[in-house]
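Colleague: File work_16.cif follows (mmCIF, C-alpha atoms):
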data_upload
loop_
_atom_site.label_atom_id
_atom_site.label_comp_id
_atom_site.auth_asym_id
_atom_site.auth_seq_id
_atom_site.Cartn_x
_atom_site.Cartn_y
_atom_site.Cartn_z
CA MET A 13 -7.45 8.97 1.88
CA ASN A 14 -6.53 10.73 -1.36
CA ILE A 15 -8.86 9.48 -4.13
CA ARG A 16 -6.67 11.05 -6.82
CA SER A 17 -3.78 8.79 -5.85
CA LEU A 18 -5.70 5.67 -6.96
CA THR A 19 -4.65 4.01 -10.23
CA ARG A 20 -6.45 2.20 -13.01
CA GLY A 21 -5.29 -1.04 -11.44
CA ASP A 22 -7.19 -0.05 -8.30
CA GLY A 23 -10.29 0.49 -10.44
CA VAL A 24 -9.95 -3.05 -11.82
CA LEU A 25 -9.56 -4.37 -8.27
CA ILE A 26 -12.69 -2.60 -7.08
CA GLY A 27 -14.75 -3.88 -10.02
CA ALA A 28 -13.53 -7.46 -9.63
CA ALA A 29 -14.20 -7.38 -5.87
CA VAL A 30 -17.81 -6.32 -6.54
CA VAL A 31 -18.26 -9.22 -8.99
CA LEU A 32 -16.72 -11.61 -6.46
CA PHE A 33 -19.13 -10.39 -3.78
CA ILE A 34 -22.12 -10.92 -6.10
CA ALA A 35 -20.89 -14.42 -7.05
CA SER A 36 -20.77 -15.41 -3.39
CA PHE A 37 -24.60 -15.30 -3.25
CA LEU A 38 -25.06 -17.52 -6.32
CA ASP A 39 -25.38 -21.32 -6.24
CA ILE A 40 -22.07 -23.11 -5.91
CA ALA A 41 -23.40 -26.36 -7.38
CA GLY A 42 -25.42 -27.22 -10.46
CA CYS A 43 -28.44 -29.50 -10.85
CA ASP A 44 -28.61 -32.24 -13.52
CA ALA A 45 -32.21 -33.24 -12.75
CA SER A 46 -35.32 -31.92 -14.42
CA ALA A 47 -36.41 -28.35 -13.90
CA SER A 48 -39.26 -29.36 -11.59
CA VAL A 49 -36.89 -31.33 -9.39
CA CYS A 50 -34.21 -28.62 -9.39
CA ASP A 51 -36.80 -26.07 -8.32
CA ARG A 52 -37.45 -28.06 -5.16
CA ILE A 53 -33.76 -28.41 -4.31
CA ASP A 54 -32.24 -25.67 -2.17
CA LEU A 55 -28.72 -25.27 -3.57
CA PRO A 56 -26.28 -23.58 -1.17
CA ASN A 57 -24.29 -20.43 -1.82
CA ALA A 58 -20.78 -19.66 -0.59
CA TRP A 59 -21.88 -18.15 2.72
CA GLU A 60 -23.70 -21.32 3.72
CA LEU A 61 -20.31 -23.08 3.70
CA SER A 62 -18.14 -21.01 6.02
CA GLN A 63 -14.86 -22.44 4.75
CA LEU A 64 -15.79 -21.29 1.23
CA GLY A 65 -17.48 -17.99 2.02
CA TRP A 66 -15.18 -16.66 4.73
CA GLY A 67 -12.06 -18.60 3.76
CA THR A 68 -12.12 -17.90 0.01
CA PHE A 69 -14.58 -15.23 -1.18
CA PHE A 70 -14.06 -12.92 1.78
CA LEU A 71 -10.29 -13.45 1.55
CA GLY A 72 -10.25 -12.11 -2.01
CA ILE A 73 -12.48 -9.13 -1.18
CA ALA A 74 -10.32 -8.24 1.85
CA GLY A 75 -7.16 -8.52 -0.26
CA ALA A 76 -8.53 -6.09 -2.83
CA ALA A 77 -9.50 -3.65 -0.06
CA LEU A 78 -5.99 -3.75 1.44
CA VAL A 79 -4.32 -3.03 -1.92
CA VAL A 80 -6.63 -0.09 -2.68
CA VAL A 81 -6.30 1.39 0.81
CA SER A 82 -2.49 1.12 0.68
CA HIS A 83 -2.44 3.29 -2.45
CA GLY A 84 -4.71 5.92 -0.91
CA LEU A 85 -2.73 6.39 2.31
CA PRO A 86 -0.12 9.19 2.47
CA GLN A 87 2.36 6.79 4.11
CA GLN A 88 2.65 3.03 3.78
CA ARG A 89 1.47 0.95 6.75
CA LYS A 90 3.02 -2.43 7.51
CA ILE A 91 1.75 -5.70 8.98
CA ALA A 92 4.44 -8.02 10.34
CA GLY A 93 7.06 -6.18 8.29
CA LEU A 94 5.04 -6.35 5.04
CA GLU A 95 3.28 -3.44 3.37
CA LEU A 96 -0.52 -3.50 3.17
CA GLY A 97 -0.39 -3.83 -0.61
CA GLN A 98 1.84 -6.92 -0.39
CA VAL A 99 -0.45 -8.56 2.15
CA GLY A 100 -3.50 -7.78 0.02
CA ALA A 101 -1.90 -9.20 -3.12
CA ALA A 102 -1.10 -12.42 -1.23
CA PHE A 103 -4.75 -12.67 -0.12
CA THR A 104 -6.03 -12.33 -3.70
CA VAL A 105 -3.65 -15.03 -4.97
CA ALA A 106 -4.73 -17.39 -2.15
CA SER A 107 -8.40 -16.73 -2.95
CA ALA A 108 -7.92 -17.51 -6.66
CA TRP A 109 -5.97 -20.68 -5.91
CA THR A 110 -8.56 -21.95 -3.43
CA LEU A 111 -11.45 -21.32 -5.83
CA LEU A 112 -9.56 -23.18 -8.56
CA MET A 113 -9.27 -26.19 -6.25
CA TRP A 114 -13.00 -26.02 -5.51
CA ILE A 115 -13.71 -26.07 -9.25
CA PHE A 116 -11.47 -29.12 -9.77
CA GLU A 117 -13.07 -31.06 -6.91
CA SER A 118 -16.64 -30.18 -7.75
CA ASN A 119 -18.61 -32.64 -9.87
CA ASP A 120 -20.98 -29.94 -11.10
CA ALA A 121 -19.75 -26.41 -10.39
CA GLY A 122 -22.48 -23.79 -10.14
CA ALA A 123 -22.55 -20.19 -11.32
CA GLY A 124 -21.21 -18.96 -7.99
CA LEU A 125 -17.98 -20.96 -8.27
CA ILE A 126 -17.41 -20.22 -11.96
CA LEU A 127 -18.06 -16.47 -11.71
CA GLY A 128 -16.15 -16.32 -8.43
CA LEU A 129 -13.10 -17.99 -10.00
CA ILE A 130 -13.08 -15.53 -12.90
CA ALA A 131 -13.34 -12.56 -10.54
CA ALA A 132 -10.64 -13.95 -8.24
CA LEU A 133 -8.24 -14.49 -11.16
CA VAL A 134 -8.77 -10.89 -12.27
CA LEU A 135 -8.19 -9.72 -8.69
CA ALA A 136 -4.92 -11.64 -8.40
CA ALA A 137 -3.67 -10.46 -11.81
CA ALA A 138 -4.46 -6.78 -11.09
CA ALA A 139 -2.91 -6.91 -7.60
CA VAL A 140 0.33 -8.51 -8.81
CA ALA A 141 0.73 -6.71 -12.16
CA GLY A 142 -0.62 -3.31 -11.05
CA PRO A 143 2.75 -1.91 -9.85
CA MET A 144 4.55 -3.14 -13.00
CA VAL A 145 2.21 -2.49 -15.97
CA PRO A 146 2.23 1.18 -17.09
CA ALA A 147 -1.42 1.05 -18.21
CA LEU A 148 -2.49 -0.02 -14.72
CA LYS A 149 -0.20 2.51 -12.98
CA ALA A 150 -1.89 5.47 -14.68
CA PRO A 151 -4.07 7.66 -12.39
CA LEU A 152 -7.70 6.59 -12.11
CA VAL A 153 -8.92 10.18 -11.76
CA GLY A 154 -6.81 12.77 -13.55
CA ALA A 155 -6.21 16.12 -11.89
CA PRO A 156 -8.17 19.00 -13.47
CA ARG A 157 -6.07 21.06 -15.85
CA PRO A 158 -5.49 24.62 -14.64
CA ALA A 159 -5.53 27.67 -16.86
CA ALA A 160 -2.22 28.23 -18.63
CA PRO A 161 -0.07 30.75 -16.74
CA GLN A 162 0.50 34.13 -18.37
CA PRO A 163 3.91 35.20 -17.08
CA TYR A 164 4.17 38.50 -18.93
CA ASN A 165 0.61 39.84 -18.71
CA PRO A 166 -1.21 41.17 -15.63
CA GLN A 167 -3.59 38.68 -14.10
CA PRO A 168 -7.03 39.55 -12.71
CA GLY A 169 -6.65 40.53 -9.09
CA GLN A 170 -3.10 41.90 -9.49
CA GLN A 171 -2.44 45.54 -8.68
CA GLY A 172 -5.89 45.94 -7.15
CA VAL A 173 -7.92 44.14 -9.86
CA PRO A 174 -10.32 41.50 -8.42
CA GLY A 175 -9.58 37.84 -9.07
CA GLY A 176 -6.20 37.07 -7.55
CA ALA A 177 -3.00 35.68 -9.07
CA PRO A 178 -1.98 32.00 -8.78
CA GLY A 179 -0.46 31.27 -5.41
CA GLY A 180 -1.21 34.78 -4.09
CA VAL A 181 1.93 36.38 -5.58
CA PRO A 182 1.37 40.14 -6.02
CA GLY A 183 1.84 41.34 -9.55
CA GLY A 184 2.26 37.85 -11.08
CA TYR A 185 5.43 36.43 -12.67
CA GLY A 186 7.22 38.83 -14.99
CA TYR A 187 4.71 41.65 -14.39
CA PRO A 188 6.69 44.84 -13.92
CA GLY A 189 4.58 46.15 -11.03
CA ALA A 190 2.89 49.54 -10.85
CA GLN A 191 1.64 50.98 -14.10
CA GLN A 192 3.45 53.97 -15.55
CA HIS A 193 1.24 57.05 -15.84
CA PRO A 194 2.07 59.68 -18.49
CA GLN A 195 3.12 63.06 -17.11
CA PRO A 196 1.11 66.08 -18.27
CA TYR A 197 2.82 68.76 -20.38
CA PRO A 198 4.07 71.69 -18.28
CA ALA A 199 1.86 74.75 -18.34
CA PRO A 200 3.39 77.80 -20.03
CA GLN A 201 4.77 80.36 -17.63
CA ASP A 202 3.36 83.84 -17.44
CA ALA A 203 5.77 86.35 -18.98
CA SER A 204 4.60 89.05 -16.54
CA GLN A 205 6.04 87.18 -13.57
CA GLY A 206 9.62 87.94 -14.58
CA GLY A 207 10.48 84.32 -15.41
CA GLN A 208 12.06 83.04 -18.54
CA GLN A 209 10.23 84.20 -21.67
CA TYR A 210 9.21 82.14 -24.62
CA GLY A 211 11.93 81.79 -27.15
CA GLN A 212 14.70 81.98 -24.53
CA PRO A 213 16.92 78.94 -23.96
CA GLN A 214 15.46 76.48 -21.52
CA PRO A 215 17.57 74.38 -19.14
CA THR A 216 18.11 70.86 -20.34
CA PRO A 217 16.01 68.51 -18.18
CA GLN A 218 17.89 65.83 -16.41
CA PRO A 219 16.65 62.27 -17.05
CA ALA A 220 14.89 60.65 -14.13
CA PRO A 221 16.80 57.80 -12.49
CA GLN A 222 15.74 54.45 -13.84
CA PRO A 223 15.10 51.52 -11.49
CA GLU A 224 17.53 48.66 -11.54
CA PRO A 225 16.28 45.91 -13.90
CA GLN A 226 15.23 42.79 -12.12
CA ALA A 227 16.99 39.56 -12.88
CA GLN A 228 15.13 37.71 -15.57
CA ALA A 229 14.59 33.99 -15.69
CA PRO A 230 16.40 32.09 -18.47
CA SER A 231 14.83 32.78 -21.82
CA ASP A 232 14.20 29.09 -22.45
CA PHE A 233 12.14 28.61 -19.27
CA SER A 234 8.51 29.61 -18.71
CA PRO A 235 6.49 28.96 -15.54
CA PHE A 236 4.18 25.96 -15.82
CA TRP A 237 1.76 23.95 -13.69
CA PHE A 238 2.64 20.40 -12.69
CA ALA A 239 1.44 17.54 -10.48
CA VAL A 240 3.53 14.84 -8.80
CA PRO A 241 2.69 11.12 -9.17
CA VAL A 242 3.45 10.38 -5.47
CA ALA A 243 4.02 12.48 -2.37
CA ARG A 244 7.40 14.25 -2.56
CA PRO A 245 9.22 16.61 -0.15
CA LEU A 246 9.84 20.28 -0.91
CA HIS A 247 13.14 21.53 0.48
CA ALA A 248 14.33 25.03 1.32
CA GLU A 249 15.83 27.11 -1.51
CA ASP A 250 18.98 27.95 0.45
CA GLY A 251 20.35 24.41 0.03
CA SER A 252 20.17 23.58 3.74
CA GLY A 253 18.12 20.45 2.97
CA ALA A 254 15.37 21.38 5.42
CA GLN A 255 11.92 20.17 4.33
CA ILE A 256 9.37 22.99 4.24
CA ALA A 257 6.38 21.20 2.70
CA GLU A 258 5.23 17.99 1.04
CA LEU A 259 3.71 17.96 -2.46
CA ALA A 260 0.67 15.66 -2.65
CA PRO A 261 -0.56 13.82 -5.78
CA GLY A 262 -3.65 15.21 -7.46
CA THR A 263 -2.78 18.85 -6.65
CA TRP A 264 -1.37 21.36 -9.12
CA TYR A 265 1.73 23.38 -8.21
CA LEU A 266 3.49 26.17 -10.11
CA ALA A 267 7.10 25.76 -11.26
CA VAL A 268 8.70 29.21 -11.27
CA GLU A 269 12.38 28.42 -11.90
CA GLN A 270 14.62 25.55 -12.97
CA ARG A 271 17.91 24.70 -11.31
CA GLY A 272 19.57 21.91 -13.23
CA GLN A 273 17.26 18.89 -12.95
CA ALA A 274 15.43 20.40 -9.96
CA LEU A 275 12.57 22.89 -9.94
CA ILE A 276 11.68 25.83 -7.73
CA ALA A 277 8.01 25.11 -6.97
CA GLN A 278 5.36 27.23 -5.28
CA THR A 279 2.59 25.74 -3.16
CA GLN A 280 -0.96 27.01 -3.04
CA ASP A 281 -0.29 28.94 0.17
CA GLY A 282 2.62 30.85 -1.42
CA ARG A 283 5.57 28.88 -0.02
CA ARG A 284 8.51 28.30 -2.39
CA GLY A 285 11.00 25.49 -2.24
CA LEU A 286 13.28 23.15 -4.18
CA LEU A 287 11.77 19.97 -5.69
CA GLN A 288 14.74 17.71 -6.26
CA ASP A 289 12.91 14.65 -7.67
CA THR A 290 11.09 15.72 -10.85
CA SER A 291 10.76 12.28 -12.44
CA GLY A 292 7.29 11.36 -13.69
CA ILE A 293 5.68 14.76 -13.05
CA GLN A 294 2.56 15.64 -15.05
CA ARG A 295 2.74 19.03 -16.77
CA GLY A 296 -0.43 21.08 -16.95
#
Please express the file's structure as structure tokens.

Modeller:
Amino acid sequence: MNIRSLTRGDGVLIGAAVVLFIASFLDIAGCDASASVCDRIDLPNAWELSQLGWGTFFLGIAGAALVVVSHGLPQQRKIAGLELGQVGAAFTVASAWTLLMWIFESNDAGAGLILGLIAALVLAAAAVAGPMVPALKAPLVGAPRPAAPQPYNPQPGQQGVPGGAPGGVPGGYGYPGAQQHPQPYPAPQDASQGGQQYGQPQPTPQPAPQPEPQAQAPSDFSPFWFAVPVARPLHAEDGSGAQIAELAPGTWYLAVEQRGQALIAQTQDGRRGLLQDTSGIQRG
């Protein structure tokens, strides 16, 4: 279960489920008699009435658990053709409705029923509105921000320096490779050896062949870190459509090139591929 895939709506569900669990141990009925009389009366809680404890309070807690678990799984699981989140949302709505009926039919509702109804209403609202309200869809735990990439400067660990470059790419992005070492001046020749003497014309040195310049990325693009909101496939660069990896939420990946609306992304183990769906990505 990926904790970083949970949303703020899941946080609300967890908090409301805890309050609902606490309310189930409180009295479900009040006492209008004097304090001395009420002290001698043993008022029941929800678990002493199985149809209320297991049929209402537990139903809401189980619904919240199903919704949260469905968001943490890498792939959606289904029950009778319905996703876990849909089943959990239905449980929370049924729990809130049942507690509301208990409040209406109770002559003197206790703290357990009142607090339980409030918690159940919050559960139902968060479960239903969570996928639709942007504030509740935001990540509960944000991914840690990585250090900004330096595409044109050598990174620690490149060319034999300890530290290592992001993704294990030797030399880093845009780093030209081996350092150029200055050549020492030629030593003067001894005139006694019969060679060319000082002051005589010297042959014109031929320029050394220059390496072919590497293709540069577009000037308006710089590598950047990003994270995906949901799991997304990474396809091969050759356009064959073969999936080579899957990008998981809560993990930072490095975008090294842009192709139209798609990105060439690099995983942490050095694999590169085409990310076709870039909607909603979080830039580092």

Colleague: Extract, using only C-alpha atoms, all DNA, RNA and protein residues at most 6 Å from region 239-247 of chain A, discarding same-chain residues fewer than 2 positions from it, and format them as number ranges by chain.

Modeller: A: 253-261, 263-264, 285-287, 293-294

Colleague: Out of A:Ala76, A:Ala248, A:Val24, A:Val268, which residue has the shortest atom-to-atom distance to Phe236 (chain A) when counting only C-alpha atoms?

Modeller: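 Ranked by minimum distance to Phe236 (chain A), first place goes to A:Val268.
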
Colleague: For the provided coordinates, the residues matched by the PyMOL selection byres ((chain A and resi 267) around 8) should be stated as a ChimeraX atom specification.

Modeller: /A:235-238,265-266,268-270,275-278

Colleague: Considering only C-alpha atoms, return as a list in words whatever protein or nucleic-acid residues lie within 10 Å of Val80 (chain A), sequence-local ones (same chain, fewer than 5 positions apart) excluded.

Modeller: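 These residues fall inside the cut-off: Ile15, Ser17, Leu18, Thr19, Gly21, Asp22, Gly23, Leu25, Ile26, Gly75, Leu85, Leu96, Gly97, Gly100 and Ala139 of chain A.
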
Colleague: Give the centre and edge lengths of an axis-aligned box, in Å to one decimal, that holds all listed atoms of region 247-260 of chain A with 5 Å on each side, as AutoDock Vina command-line options.

Modeller:
--center_x 10.5 --center_y 21.8 --center_z 1.4 --size_x 29.7 --size_y 22.3 --size_z 18.1

Colleague: From the list A:Ala274, A:Ile91, A:Val31, A:Val134, which residue is nearest Val105 (chain A) when using all atoms listed in the file?

Modeller: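 Closest candidate: A:Val134.
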
Colleague: For a quick check of understanding, using all atoms listed in the file, which of A:Ala77, A:Ala136, A:Asp39, A:Gly65 has the smallest distance to Ile53 (chain A)?

Modeller: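 Under the stated criterion, the closest residue is A:Asp39.
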
Colleague: Could you pull out every residue with an atom within 10 Å of (-13.5, -12.8, -10.2), file coordinates, counting all atoms listed in the file, and send them as a VMD selection string?

Modeller: chain A and resid 25 27 to 35 69 72 to 73 104 107 to 108 111 125 to 136
